[in-house]
Each structure stands twice: as C-alpha cells, then as structure tokens.
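For reference, the structure discussed in these notes is given below.
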Amino acid sequence: MILTVTPNPALDCTWHVAALTPGDSHRVGAGAERAGGKGINVARVLHATGTDTLALATAGGATGDALALDLRAAGLAHRLVPVAASTRRSIAVVDDGRGEATLLNERGAALSPDEVTALLHTARTLAAGAAAVVLSGSLPAGIRSEDVGLLAADLVATGTIVIADVTGPALMAAAEAGAHVVKPNAAELHETTGCADVLTGARMLLERGAGLVIVSLGADGMLLVGRTAPDRPLRARLRRTLHGNPTGAGDAAVAAVAAALVQRGSAADLTDDELAGLARDAVAWSASAVLMPQAGEVSPERERLAADVIFDTDLTELTCH
C-alpha cells in the first residue's frame with residue numbers, strides 16, 4: 001500500500017472557456033468540483049491505475065465536507081483529520097483554445113498545535129502498513145519544515161520508501177532526512193537551493209542526503225540525478241509538446257515513480273536501465289495527465305506516450321526559471 005500525506009488539501013474547482021480574455025466577462029458551463037491537493041491527486045492516479053493506496057489529509061468546513069463527499073464518491077480510500085478552518089480552494093480556468101490553464105490557489109488556513117499533532121500521529125500510524133509514503137504539497141502555517149524532516153527520517157529508519165514533493169525549507173529537510181526521492185520543479189529547486197543551474201541544484205540535494213532527485217521541467221521533460229551516479233544525469237522528454245491542462249501533471253509523475261519503486265521493492269541502487277525506465281514512466285504519466293480535463297487523472301494514452309519518450313545528453317541549457 002502507498003500512503004499519501006497532504007497537509008494542505010484543496011477543493012479543486014475547474015471551469016473551461018473557449019478563450020480566456022483578461023479583464024473581460026465570460027459565460028461558462030457548470031464548473032466541476034473535486035477533492036484535490038498534490039497527495040490526493042497522487043492517490044487518485046494510483047487508485048485509477050490499480051495500485052493500493054490510502055490518502056491522508058485534513059478537512060474542515062463546508063469545503064472540507066465537499067472534499068470528503070467527493071473522495072467517498074470516487075471510492076478512494078482515505079483518512080481525514082478534522083480541523084477547525086475551512087479547507088482551501090484551488091481555482092483553474094482552462095482556455096481550451098490555447099490549451100492553457102490559469103490557476104488561483106488559496107494558501108490555506110493555519111493549523112493549531114493539536115491539529116498538527118493529530119495529523120503527524122495519524123501519518124506515523126498509517127505508515128506502519130505502507131510500503132511507501134508520499135509527502136506532497138504546500139504546508140499550512142503551523143506545520144514546520146522540521147516536522148516534515150522528522151517524519152521523513154522516522155519513515156526512512158523503518159525501511160519505508162519516502163518520496164517528498166514539497167517546497168522550500170521542507171524540501172531541504174526531507175532531503176537531509178534521507179528521503180529516497182525528492183521531486184521539485186525547476187522554480188521550487190531554485191527557491192530551495194538558490195542555484196540557477198538545475199543540475200547544480202539537484203546535486204546539492206543529493207549532497208544533503210536525498211537518494212534521487214527528479215526535477216520537473218514542464219514541456220522540457222524531467223531531469224533525474226541519482227546519488228549512486230551523480231555524474232550520469234538523465235534528461236527525459238516527449239518528442240513533441242502536448243497542449244492541455246497541466247494541473248496535476250507533476251502528481252501523475254510522482255504516482256508513476258511511487259508505483260514503480262514499490263513494485264521493485266526498493267529505492268536503492270537503481271541501475272542505469274532502471275533509472276531510464278523510471279524516467280520513461282514518469283514522463284509518460286505526466287504527459288497523459290495533461291490530456292485529461294482535471295487533475296488526478298491519466299489518459300489510457302500513457303503507454304503509447306511512453307514509446308515517444310526520448311533521452312537527451314545535452315544539459316547545458318538547463319537553468320531554473
């Protein structure tokens with residue numbers, strides 16, 4: 001079983017327009033609401049692809065009730081820690097003509113000390129039955145980066161595979177705790193390390209203790225750098241650029257990585273061929289998510305897309321944006 005931990009979930013609200021014109025009024029059809037947040041998106045993808053998963057998150061207020069209702073309707077196994085504040089919302093307006101999405105993400109309310117304790121205790125308890133734990137998303141006020149680091153260190157010590165898709169000091173804390181995989185995007189890597197060069201930033205996280213760094217590069221694919229061979233970075237991308245809704249593409253990549261490592265039974269000592277297979281799956285699943293209308297979904301086209309993944313050796317142009 002793969003446990004996903006989402007401290008700051010969201011009720012995702014999505015509208016589609018033929019063309020988005022800033023400052024103008026738009027008449028749209030009924031929007032869609034669903035439970036979201038990075039870890040929930042990962043769990044949803046894993047569930048859809050047949051992997052046993054459990055989603056842990058917080059929930060509060062009317063938006064929290066709507067989040068819980070959607071999780072039940074989706075048949076997604078979950079555990080929700082009740083909190084006083086309302087669950088935040090994430091607004092996506094998808095321009096169907098351009099194939100682009102404009103996002104408005106609420107920050108989320110602070111958690112009380114008791115709520116933080118309850119969430120972390122529940123995570124440790126549920127992780128006892130998990131082969132892997134995915135720590136995902138932003139942290140609401142009240143949860144410290146040190147809390148993420150301590151949780152990751154505890155899980156690593158028990159032999160649980162730990163994948164961290166968090167940002168800023170929490171990402172560094174997860175790396176220093178020995179997380180097996182950390183997955184920032186280029187901007188998050190820059191924020192965390194201060195390095196404008198993607199490869200230098202990734203190697204910094206390896207030096208701090210991470211086992212494998214996977215950097216999302218948007219349409220330029222992904223960069224994978226492992227501790228066992230930091231001098232042999234691997235960049236994977238599609239042959240062509242896809243247009244659609246990129247919300248959740250990174251979460252689909254995390255789901256692919258988690259599923260592959262659990263099937264392998266370990267995140268240690270990946271061979272070059274295994275790293276290439278991991279990269280191929282991550283890029284294909286991420287790309288297939290772009291083709292879907294909402295986050296947390298992957299297209300059946302992912303197997304065909306995997307055949308279109310190519311590997312580049314020229315990394316000189318990679319910089320954090």
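In the structure tokens, each chain is lettered A, B, ... as it comes, each chain's residues begin at 1, and ligands are numbered from 1 in order of appearance.
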
As a PyMOL selection string, please: the residues near stretch 154-165 of chain A (cut-off 6 Å, only C-alpha atoms, same-chain neighbours under 5 positions excluded).
chain A and resi 131-136+179-183

DSSP on the backbone: which residues in stretch 38-209 of chain A end up as strand (DSSP E or B)? Give the answer as JSON, numbers by chain.
{"A": [53, 54, 55, 56, 57, 58, 59, 78, 79, 80, 81, 82, 88, 89, 90, 91, 92, 93, 94, 95, 100, 101, 102, 103, 104, 105, 132, 133, 134, 135, 136, 161, 162, 163, 164, 165, 181, 182, 185, 197]}

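The nearest approach to A:Leu171 among the residues A:Val93, A:Leu54, A:Ala141, A:Val213, with only C-alpha atoms taken into account, belongs to A:Val213.
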
Hey, what's within 9 Å of stretch 107-122 of chain A if we count only C-alpha atoms and toss same-chain stuff fewer than 3 positions away? As a short mmCIF file (atom, residue, chain, number, x, y, z; two decimals) with all heavy atoms, in the first residue's frame, please?
data_model
loop_
_atom_site.label_atom_id
_atom_site.label_comp_id
_atom_site.auth_asym_id
_atom_site.auth_seq_id
_atom_site.Cartn_x
_atom_site.Cartn_y
_atom_site.Cartn_z
N PRO A 7 -0.96 17.69 3.77
CA PRO A 7 -1.30 18.56 4.91
C PRO A 7 -2.21 19.72 4.53
O PRO A 7 -2.91 20.26 5.39
CB PRO A 7 0.07 19.08 5.37
CG PRO A 7 1.07 18.15 4.78
CD PRO A 7 0.48 17.70 3.49
N ASN A 8 -2.19 20.12 3.25
CA ASN A 8 -2.93 21.31 2.83
C ASN A 8 -3.76 21.00 1.59
O ASN A 8 -3.52 21.55 0.51
CB ASN A 8 -1.93 22.44 2.54
CG ASN A 8 -2.56 23.81 2.58
OD1 ASN A 8 -3.61 24.01 3.17
ND2 ASN A 8 -1.90 24.78 1.96
N PRO A 9 -4.76 20.12 1.73
CA PRO A 9 -5.55 19.73 0.56
C PRO A 9 -6.41 20.90 0.07
O PRO A 9 -6.45 21.96 0.70
CB PRO A 9 -6.43 18.60 1.09
CG PRO A 9 -6.62 18.95 2.53
CD PRO A 9 -5.30 19.53 2.96
N ALA A 10 -7.07 20.69 -1.06
CA ALA A 10 -7.91 21.74 -1.63
C ALA A 10 -9.13 21.13 -2.28
O ALA A 10 -9.12 19.97 -2.71
CB ALA A 10 -7.12 22.54 -2.66
N LEU A 56 -4.23 10.43 3.09
CA LEU A 56 -4.39 11.11 4.37
C LEU A 56 -4.35 12.61 4.13
O LEU A 56 -3.45 13.12 3.45
CB LEU A 56 -3.28 10.70 5.33
CG LEU A 56 -3.18 11.51 6.64
CD1 LEU A 56 -4.42 11.32 7.50
CD2 LEU A 56 -1.92 11.12 7.41
N ALA A 57 -5.33 13.32 4.70
CA ALA A 57 -5.37 14.77 4.54
C ALA A 57 -6.15 15.36 5.71
O ALA A 57 -6.71 14.64 6.55
CB ALA A 57 -6.03 15.16 3.22
N THR A 58 -6.19 16.68 5.76
CA THR A 58 -7.03 17.39 6.70
C THR A 58 -8.32 17.79 5.99
O THR A 58 -8.39 17.81 4.77
CB THR A 58 -6.32 18.65 7.23
OG1 THR A 58 -5.99 19.49 6.11
CG2 THR A 58 -5.05 18.28 7.98
N ARG A 79 -8.30 8.83 4.89
CA ARG A 79 -8.45 9.18 6.31
C ARG A 79 -8.31 10.69 6.41
O ARG A 79 -7.31 11.25 5.96
CB ARG A 79 -7.38 8.50 7.14
CG ARG A 79 -7.48 8.77 8.64
CD ARG A 79 -8.62 8.01 9.29
NE ARG A 79 -8.39 6.56 9.18
CZ ARG A 79 -7.65 5.85 10.03
NH1 ARG A 79 -7.07 6.45 11.06
NH2 ARG A 79 -7.53 4.55 9.87
N LEU A 80 -9.30 11.34 6.98
CA LEU A 80 -9.31 12.80 7.10
C LEU A 80 -9.19 13.20 8.56
O LEU A 80 -9.97 12.73 9.40
CB LEU A 80 -10.57 13.38 6.47
CG LEU A 80 -10.77 13.11 4.97
CD1 LEU A 80 -12.10 13.70 4.50
CD2 LEU A 80 -9.61 13.69 4.16
N VAL A 81 -8.24 14.08 8.84
CA VAL A 81 -8.08 14.63 10.18
C VAL A 81 -8.90 15.92 10.25
O VAL A 81 -8.65 16.86 9.48
CB VAL A 81 -6.60 14.93 10.47
CG1 VAL A 81 -6.45 15.64 11.81
CG2 VAL A 81 -5.78 13.64 10.44
N PRO A 82 -9.91 15.98 11.13
CA PRO A 82 -10.75 17.18 11.19
C PRO A 82 -9.99 18.39 11.73
O PRO A 82 -9.20 18.28 12.67
CB PRO A 82 -11.89 16.77 12.14
CG PRO A 82 -11.32 15.65 12.95
CD PRO A 82 -10.35 14.94 12.08
N VAL A 83 -10.22 19.54 11.07
CA VAL A 83 -9.61 20.80 11.51
C VAL A 83 -10.71 21.86 11.56
O VAL A 83 -11.77 21.72 10.94
CB VAL A 83 -8.47 21.24 10.57
CG1 VAL A 83 -7.33 20.23 10.62
CG2 VAL A 83 -8.97 21.42 9.14
N ALA A 84 -10.45 22.94 12.31
CA ALA A 84 -11.47 23.96 12.52
C ALA A 84 -11.69 24.83 11.28
O ALA A 84 -12.83 25.19 10.95
CB ALA A 84 -11.09 24.83 13.71
N ALA A 85 -10.62 25.18 10.60
CA ALA A 85 -10.72 26.10 9.46
C ALA A 85 -11.22 25.36 8.22
O ALA A 85 -11.02 24.15 8.06
CB ALA A 85 -9.37 26.74 9.18
N SER A 86 -11.84 26.11 7.34
CA SER A 86 -12.34 25.52 6.09
C SER A 86 -11.19 25.12 5.18
O SER A 86 -10.18 25.82 5.08
CB SER A 86 -13.23 26.52 5.35
OG SER A 86 -14.41 26.77 6.07
N THR A 87 -11.35 24.00 4.51
CA THR A 87 -10.39 23.55 3.52
C THR A 87 -10.30 24.60 2.41
O THR A 87 -11.31 25.17 1.98
CB THR A 87 -10.83 22.20 2.93
OG1 THR A 87 -10.83 21.23 3.99
CG2 THR A 87 -9.91 21.73 1.83
N ARG A 88 -9.10 24.85 1.94
CA ARG A 88 -8.90 25.88 0.92
C ARG A 88 -9.48 25.44 -0.44
O ARG A 88 -9.82 24.28 -0.63
CB ARG A 88 -7.41 26.20 0.76
CG ARG A 88 -6.60 25.06 0.17
CD ARG A 88 -5.11 25.31 0.25
NE ARG A 88 -4.36 24.21 -0.33
CZ ARG A 88 -3.83 24.21 -1.54
NH1 ARG A 88 -3.95 25.28 -2.32
NH2 ARG A 88 -3.18 23.17 -2.01
N ARG A 89 -9.56 26.37 -1.36
CA ARG A 89 -10.00 26.07 -2.72
C ARG A 89 -8.87 26.38 -3.71
O ARG A 89 -8.03 27.23 -3.47
CB ARG A 89 -11.22 26.91 -3.09
CG ARG A 89 -12.49 26.54 -2.34
CD ARG A 89 -13.54 27.59 -2.54
NE ARG A 89 -13.11 28.88 -1.98
CZ ARG A 89 -13.82 30.01 -2.05
NH1 ARG A 89 -14.99 30.00 -2.65
NH2 ARG A 89 -13.35 31.12 -1.52
N THR A 125 1.11 6.40 12.23
CA THR A 125 0.34 5.18 12.49
C THR A 125 0.00 4.47 11.19
O THR A 125 0.19 3.25 11.05
CB THR A 125 -0.95 5.52 13.25
OG1 THR A 125 -0.62 6.14 14.51
CG2 THR A 125 -1.77 4.26 13.52
N LEU A 126 -0.50 5.21 10.21
CA LEU A 126 -0.89 4.60 8.94
C LEU A 126 0.32 4.12 8.15
O LEU A 126 0.24 3.15 7.40
CB LEU A 126 -1.70 5.59 8.10
CG LEU A 126 -3.04 6.04 8.69
CD1 LEU A 126 -3.70 7.08 7.79
CD2 LEU A 126 -3.96 4.85 8.89
N ALA A 127 1.45 4.80 8.31
CA ALA A 127 2.65 4.43 7.57
C ALA A 127 3.18 3.06 7.96
O ALA A 127 3.92 2.43 7.20
CB ALA A 127 3.75 5.47 7.78
N SER A 138 2.05 21.96 -0.42
CA SER A 138 2.44 23.07 0.44
C SER A 138 2.10 22.74 1.89
O SER A 138 1.29 21.86 2.18
CB SER A 138 1.72 24.34 0.01
OG SER A 138 0.30 24.17 0.11
N LEU A 139 2.73 23.47 2.79
CA LEU A 139 2.47 23.30 4.22
C LEU A 139 1.66 24.49 4.73
O LEU A 139 2.05 25.64 4.51
CB LEU A 139 3.77 23.21 5.01
CG LEU A 139 4.74 22.08 4.66
CD1 LEU A 139 5.96 22.13 5.58
CD2 LEU A 139 4.05 20.73 4.75
N PRO A 140 0.55 24.23 5.40
CA PRO A 140 -0.16 25.34 6.02
C PRO A 140 0.64 25.86 7.21
O PRO A 140 1.49 25.14 7.77
CB PRO A 140 -1.47 24.69 6.47
CG PRO A 140 -1.11 23.26 6.72
CD PRO A 140 -0.06 22.93 5.70
N ALA A 141 0.41 27.09 7.58
CA ALA A 141 1.05 27.62 8.78
C ALA A 141 0.72 26.71 9.97
O ALA A 141 -0.39 26.19 10.09
CB ALA A 141 0.56 29.04 9.05
N GLY A 142 1.69 26.51 10.81
CA GLY A 142 1.52 25.61 11.95
C GLY A 142 2.35 24.36 11.81
O GLY A 142 2.78 23.77 12.80
N ILE A 143 2.58 23.92 10.57
CA ILE A 143 3.47 22.79 10.33
C ILE A 143 4.83 23.33 9.92
O ILE A 143 4.95 24.10 8.97
CB ILE A 143 2.91 21.86 9.23
CG1 ILE A 143 1.57 21.26 9.66
CG2 ILE A 143 3.91 20.75 8.93
CD1 ILE A 143 1.01 20.27 8.67
N ASP A 147 9.10 19.45 11.06
CA ASP A 147 8.12 18.37 11.23
C ASP A 147 8.19 17.40 10.06
O ASP A 147 8.12 16.18 10.24
CB ASP A 147 6.71 18.94 11.35
CG ASP A 147 6.51 19.77 12.62
OD1 ASP A 147 7.12 19.42 13.64
OD2 ASP A 147 5.75 20.74 12.56
N VAL A 148 8.32 17.95 8.85
CA VAL A 148 8.44 17.11 7.65
C VAL A 148 9.72 16.29 7.72
O VAL A 148 9.74 15.09 7.42
CB VAL A 148 8.41 17.97 6.38
CG1 VAL A 148 8.69 17.13 5.14
CG2 VAL A 148 7.06 18.67 6.26
N LEU A 151 9.41 13.47 10.31
CA LEU A 151 8.53 12.41 9.81
C LEU A 151 9.25 11.58 8.76
O LEU A 151 9.23 10.34 8.79
CB LEU A 151 7.25 13.02 9.23
CG LEU A 151 6.26 12.04 8.59
CD1 LEU A 151 5.80 10.98 9.58
CD2 LEU A 151 5.06 12.80 8.01
#

For stretch 11-14 of chain A, find every residue with an atom within 6 Å (counting only C-alpha atoms), except residues of its own chain fewer than 5 positions away, and show them as a ChimeraX atom specification.
/A:31-36,67,89-93

Restricted to N, CA, C and O atoms, what would the selected residues look like written as a PDB file, in the first residue's frame?
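The resulting file, out.pdb, is shown below:
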ATOM      1  N   GLY A  31     -19.174  24.409 -13.646  1.00  0.00           N
ATOM      2  CA  GLY A  31     -17.822  24.006 -13.282  1.00  0.00           C
ATOM      3  C   GLY A  31     -17.832  22.653 -12.588  1.00  0.00           C
ATOM      4  O   GLY A  31     -18.892  22.095 -12.276  1.00  0.00           O
ATOM      5  N   ALA A  32     -16.649  22.129 -12.377  1.00  0.00           N
ATOM      6  CA  ALA A  32     -16.508  20.834 -11.705  1.00  0.00           C
ATOM      7  C   ALA A  32     -15.752  21.021 -10.402  1.00  0.00           C
ATOM      8  O   ALA A  32     -14.805  21.812 -10.318  1.00  0.00           O
ATOM      9  N   GLU A  33     -16.199  20.324  -9.362  1.00  0.00           N
ATOM     10  CA  GLU A  33     -15.531  20.346  -8.074  1.00  0.00           C
ATOM     11  C   GLU A  33     -15.071  18.936  -7.735  1.00  0.00           C
ATOM     12  O   GLU A  33     -15.791  17.966  -7.961  1.00  0.00           O
ATOM     13  N   ARG A  34     -13.857  18.851  -7.191  1.00  0.00           N
ATOM     14  CA  ARG A  34     -13.394  17.548  -6.738  1.00  0.00           C
ATOM     15  C   ARG A  34     -12.306  17.730  -5.688  1.00  0.00           C
ATOM     16  O   ARG A  34     -11.675  18.781  -5.607  1.00  0.00           O
ATOM     17  N   ALA A  35     -12.106  16.699  -4.901  1.00  0.00           N
ATOM     18  CA  ALA A  35     -11.059  16.720  -3.892  1.00  0.00           C
ATOM     19  C   ALA A  35      -9.707  16.809  -4.575  1.00  0.00           C
ATOM     20  O   ALA A  35      -9.428  16.092  -5.536  1.00  0.00           O
ATOM     21  N   GLY A  36      -8.867  17.720  -4.100  1.00  0.00           N
ATOM     22  CA  GLY A  36      -7.569  17.906  -4.705  1.00  0.00           C
ATOM     23  C   GLY A  36      -6.489  18.195  -3.691  1.00  0.00           C
ATOM     24  O   GLY A  36      -6.646  17.992  -2.488  1.00  0.00           O
ATOM     25  N   LEU A  67     -15.063  17.982  -0.012  1.00  0.00           N
ATOM     26  CA  LEU A  67     -13.888  17.166  -0.313  1.00  0.00           C
ATOM     27  C   LEU A  67     -14.118  15.723   0.113  1.00  0.00           C
ATOM     28  O   LEU A  67     -13.847  14.780  -0.631  1.00  0.00           O
ATOM     29  N   ARG A  89      -9.557  26.366  -1.357  1.00  0.00           N
ATOM     30  CA  ARG A  89      -9.997  26.073  -2.723  1.00  0.00           C
ATOM     31  C   ARG A  89      -8.866  26.378  -3.708  1.00  0.00           C
ATOM     32  O   ARG A  89      -8.030  27.234  -3.470  1.00  0.00           O
ATOM     33  N   SER A  90      -8.879  25.645  -4.800  1.00  0.00           N
ATOM     34  CA  SER A  90      -7.952  25.884  -5.909  1.00  0.00           C
ATOM     35  C   SER A  90      -8.796  26.075  -7.163  1.00  0.00           C
ATOM     36  O   SER A  90      -9.586  25.204  -7.518  1.00  0.00           O
ATOM     37  N   ILE A  91      -8.641  27.216  -7.816  1.00  0.00           N
ATOM     38  CA  ILE A  91      -9.462  27.576  -8.965  1.00  0.00           C
ATOM     39  C   ILE A  91      -8.635  27.443 -10.247  1.00  0.00           C
ATOM     40  O   ILE A  91      -7.542  27.999 -10.346  1.00  0.00           O
ATOM     41  N   ALA A  92      -9.145  26.684 -11.200  1.00  0.00           N
ATOM     42  CA  ALA A  92      -8.483  26.554 -12.501  1.00  0.00           C
ATOM     43  C   ALA A  92      -9.446  26.986 -13.596  1.00  0.00           C
ATOM     44  O   ALA A  92     -10.587  26.509 -13.658  1.00  0.00           O
ATOM     45  N   VAL A  93      -8.996  27.901 -14.440  1.00  0.00           N
ATOM     46  CA  VAL A  93      -9.760  28.308 -15.616  1.00  0.00           C
ATOM     47  C   VAL A  93      -8.960  27.858 -16.838  1.00  0.00           C
ATOM     48  O   VAL A  93      -7.848  28.335 -17.079  1.00  0.00           O
TER      49      VAL A  93
END

Find the residues near A:Ala268: any atom within 10 Å, counting only C-alpha atoms, skip ones fewer than 5 places away on the same chain, and give them as an NGL selection string.
:A and (161 or 180 or 211-212 or 226-228 or 261)

Emit the selected residues as a PDB file, in the first residue's frame, including N, CA, C and O atoms.
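Just written: part03.pdb:
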ATOM      1  N   ILE A 161       9.806   3.377   1.854  1.00  0.00           N
ATOM      2  CA  ILE A 161      10.219   4.260   0.766  1.00  0.00           C
ATOM      3  C   ILE A 161       9.550   5.614   0.967  1.00  0.00           C
ATOM      4  O   ILE A 161       8.335   5.703   1.148  1.00  0.00           O
ATOM      5  N   HIS A 180      14.118   9.029  -0.089  1.00  0.00           N
ATOM      6  CA  HIS A 180      14.632   8.266  -1.225  1.00  0.00           C
ATOM      7  C   HIS A 180      14.479   9.027  -2.533  1.00  0.00           C
ATOM      8  O   HIS A 180      15.314   8.903  -3.436  1.00  0.00           O
ATOM      9  N   GLY A 211      18.216  10.495  -2.054  1.00  0.00           N
ATOM     10  CA  GLY A 211      18.701   9.385  -2.854  1.00  0.00           C
ATOM     11  C   GLY A 211      18.580   9.617  -4.347  1.00  0.00           C
ATOM     12  O   GLY A 211      19.461   9.231  -5.123  1.00  0.00           O
ATOM     13  N   LEU A 212      17.499  10.250  -4.765  1.00  0.00           N
ATOM     14  CA  LEU A 212      17.236  10.526  -6.172  1.00  0.00           C
ATOM     15  C   LEU A 212      16.496  11.849  -6.268  1.00  0.00           C
ATOM     16  O   LEU A 212      15.526  12.072  -5.528  1.00  0.00           O
ATOM     17  N   GLY A 226      20.769  10.686  -9.648  1.00  0.00           N
ATOM     18  CA  GLY A 226      20.787   9.759  -8.525  1.00  0.00           C
ATOM     19  C   GLY A 226      22.078   9.820  -7.737  1.00  0.00           C
ATOM     20  O   GLY A 226      23.147  10.152  -8.284  1.00  0.00           O
ATOM     21  N   ARG A 227      22.010   9.481  -6.469  1.00  0.00           N
ATOM     22  CA  ARG A 227      23.181   9.527  -5.609  1.00  0.00           C
ATOM     23  C   ARG A 227      24.245   8.517  -6.041  1.00  0.00           C
ATOM     24  O   ARG A 227      25.436   8.744  -5.897  1.00  0.00           O
ATOM     25  N   THR A 228      23.791   7.379  -6.590  1.00  0.00           N
ATOM     26  CA  THR A 228      24.749   6.344  -6.979  1.00  0.00           C
ATOM     27  C   THR A 228      25.565   6.749  -8.202  1.00  0.00           C
ATOM     28  O   THR A 228      26.663   6.227  -8.402  1.00  0.00           O
ATOM     29  N   LEU A 261       8.664   2.015  -7.802  1.00  0.00           N
ATOM     30  CA  LEU A 261       9.581   1.666  -6.724  1.00  0.00           C
ATOM     31  C   LEU A 261       8.979   0.624  -5.785  1.00  0.00           C
ATOM     32  O   LEU A 261       9.688  -0.264  -5.289  1.00  0.00           O
TER      33      LEU A 261
END

What does the distance between atom CA of A:Arg302 and atom CA of A:Leu46 come to in Å, to one decimal place?
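Atom CA of A:Arg302 sits 13.6 Å away from atom CA of A:Leu46.
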
Taking 6 positions as the minimum chain separation for residues in the same chain, which residues sit within 12 Å of A:Gly75 when counting only C-alpha atoms? Answer as a PDB file with N, CA, C and O atoms, in the first residue's frame.
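Okay, selection38.pdb is ready:
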ATOM      1  N   ALA A  43      -2.797   9.946  -5.064  1.00  0.00           N
ATOM      2  CA  ALA A  43      -3.590   8.784  -4.663  1.00  0.00           C
ATOM      3  C   ALA A  43      -4.655   8.453  -5.695  1.00  0.00           C
ATOM      4  O   ALA A  43      -4.920   7.279  -5.985  1.00  0.00           O
ATOM      5  N   ARG A  44      -5.251   9.472  -6.262  1.00  0.00           N
ATOM      6  CA  ARG A  44      -6.296   9.247  -7.262  1.00  0.00           C
ATOM      7  C   ARG A  44      -5.729   8.546  -8.499  1.00  0.00           C
ATOM      8  O   ARG A  44      -6.338   7.625  -9.048  1.00  0.00           O
ATOM      9  N   HIS A  47      -4.890   4.915  -7.587  1.00  0.00           N
ATOM     10  CA  HIS A  47      -6.137   4.141  -7.496  1.00  0.00           C
ATOM     11  C   HIS A  47      -6.651   3.801  -8.895  1.00  0.00           C
ATOM     12  O   HIS A  47      -7.063   2.656  -9.157  1.00  0.00           O
ATOM     13  N   ALA A  48      -6.605   4.769  -9.792  1.00  0.00           N
ATOM     14  CA  ALA A  48      -7.119   4.556 -11.150  1.00  0.00           C
ATOM     15  C   ALA A  48      -6.287   3.561 -11.937  1.00  0.00           C
ATOM     16  O   ALA A  48      -6.800   2.905 -12.854  1.00  0.00           O
ATOM     17  N   ASP A  52      -2.867  -0.177  -4.786  1.00  0.00           N
ATOM     18  CA  ASP A  52      -3.487   0.005  -3.475  1.00  0.00           C
ATOM     19  C   ASP A  52      -2.940   1.267  -2.825  1.00  0.00           C
ATOM     20  O   ASP A  52      -1.724   1.434  -2.682  1.00  0.00           O
ATOM     21  N   THR A  53      -3.820   2.173  -2.443  1.00  0.00           N
ATOM     22  CA  THR A  53      -3.379   3.452  -1.905  1.00  0.00           C
ATOM     23  C   THR A  53      -4.334   3.942  -0.838  1.00  0.00           C
ATOM     24  O   THR A  53      -5.511   3.550  -0.790  1.00  0.00           O
ATOM     25  N   LEU A  54      -3.829   4.811   0.028  1.00  0.00           N
ATOM     26  CA  LEU A  54      -4.618   5.435   1.081  1.00  0.00           C
ATOM     27  C   LEU A  54      -4.218   6.895   1.155  1.00  0.00           C
ATOM     28  O   LEU A  54      -3.023   7.214   1.258  1.00  0.00           O
ATOM     29  N   ALA A  55      -5.199   7.788   1.090  1.00  0.00           N
ATOM     30  CA  ALA A  55      -4.931   9.221   1.098  1.00  0.00           C
ATOM     31  C   ALA A  55      -5.222   9.789   2.491  1.00  0.00           C
ATOM     32  O   ALA A  55      -6.336   9.636   3.006  1.00  0.00           O
ATOM     33  N   ALA A  68     -14.639  15.539   1.327  1.00  0.00           N
ATOM     34  CA  ALA A  68     -14.899  14.187   1.832  1.00  0.00           C
ATOM     35  C   ALA A  68     -15.940  13.469   0.986  1.00  0.00           C
ATOM     36  O   ALA A  68     -15.811  12.273   0.690  1.00  0.00           O
ATOM     37  N   LEU A  69     -16.977  14.189   0.591  1.00  0.00           N
ATOM     38  CA  LEU A  69     -18.036  13.594  -0.226  1.00  0.00           C
ATOM     39  C   LEU A  69     -17.480  13.112  -1.558  1.00  0.00           C
ATOM     40  O   LEU A  69     -17.826  12.022  -2.035  1.00  0.00           O
TER      41      LEU A  69
END

Test item: residues at most 12 Å from A:Ile310, only C-alpha atoms, excluding those fewer than 6 positions along its chain, as a list in words
Asp220, Gly221, Met222, Leu234, Arg235, Ala236, Arg237, Leu238, Arg239, Arg240, Ala276, Gly277, Ala279, Arg280, Asp281, Val283 and Ala284 of chain A

Output as a VMD selection string all residues of stretch 39-215 of chain A that backbone DSSP marks as helix (DSSP H, G or I).
chain A and resid 39 to 48 61 to 74 113 to 127 145 to 157 168 to 176 186 to 193 198 to 208
